[in-house]
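Input: a single structure, listed below in structure tokens.
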Amino acid sequence: MAQRLQWDIDGQDWPHRQASSFVQAAGLRWHVQRFGTGHEQLPLALLIHGTGASTHSWRGLIPLLTPYFRLLSLDLPGHAFTDMPAGGPTSQQLSLPGMAQAIHTLMSVLGLSPALVIGHSAGAAIGVRMCLDSLIAPKLVVSVNGAFLPLGGVAGQLFSPAARLMSVLPFIPQVFSWRAADPAVLQRLVDGTGSKLDATGMALYGKLVSNPGHAAGALAMMANWDLKALEAKLP
């Protein structure tokens, strides 16, 4: 299994480190960040990051939300400091319904229920999937560039098979992370998404994508992603 990030080493300067803890749920050790504990009168907002990201995605938004909400942010399965599922890249916990169920189990262990879900990219799809599967019943789901629909055309036909092939070849995450350690390659990767990141954001993404374990989790998530079923259920 690819080498994963180590909290005691790689997480020393992680954004909002003081809010971090680790929780066992659904067979995984999750990295979570909780804000506003002790202010039970405030509604709870669940923050779900996108593919290849982590809790750091919300570092700038969190201070703006904390006066109004308690917050729960998490690293998705196989991402950053949360475990890769025991089944590896073919685990159903890396599928859209699987991640929805795993997060529901985590929230049950924590005894939490969100009034608001904020999801970025694939994280928005997970939040909506949780609602459709009656796992949560928030008052609102906020989508930031939500990834709800499958790719069309030839790209859509080739993407999933290619991602599945890359996820099961053990050397691919190492090669990807080695290439992504080059600042120029990382910059092209970020530019390709249309994102505009400051120096801190670039450094944090650089730490993530240059780690083979994180790269393996992101590739496996893409390999198990099927948005056709979600599209069919969207109102």
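For the structure tokens, the naming scheme is as follows: chains receive sequential letters (A, B, ...) according to their order of presentation, residues are indexed from 1 within each chain, and ligands are indexed from 1 in presentation order.
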As number ranges by chain, please: all residues of range 46-216 of chain A that backbone DSSP puts in strand (DSSP E or B). A: 46-48, 70-74, 116-120, 140-144
Show me, as CSV, the residues of range 58-97 of chain A having an atom within 9 Å of range 218-222 of chain A, each with the closest atom pair and its distance in Å, using only C-alpha atoms.
residue,atom,partner,partner_atom,distance
A:Pro77,CA,A:Met221,CA,8.6
A:Gly78,CA,A:Ala218,CA,7.0
A:His79,CA,A:Ala218,CA,6.6
A:Gly88,CA,A:Ala220,CA,8.0
A:Pro89,CA,A:Ala220,CA,4.7
A:Thr90,CA,A:Ala220,CA,7.1
A:Ser91,CA,A:Ala220,CA,8.5
A:Gln93,CA,A:Met221,CA,8.9
A:Leu94,CA,A:Met221,CA,5.1
A:Ser95,CA,A:Met221,CA,6.5
A:Leu96,CA,A:Met221,CA,8.4
Hey, which of A:Gly98, A:Pro138, A:Gly217, A:Pro150 ends up closest to Asp75 in chain A? Count only C-alpha atoms.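 So, comparing all the options, the nearest one is A:Gly217.
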For a quick check of understanding, using only C-alpha atoms, which of A:Leu44, A:Leu71, A:Val209, A:Ile172 has the smallest distance to Trp58 in chain A?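 Checking each of A:Leu44, A:Leu71, A:Val209, A:Ile172 against Trp58 in chain A, counting only C-alpha atoms, the winner is A:Leu71.
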What does the distance from CA of Ile118 in chain A to CA of Ala19 in chain A come to in Å, to one decimal? 18.4 Å
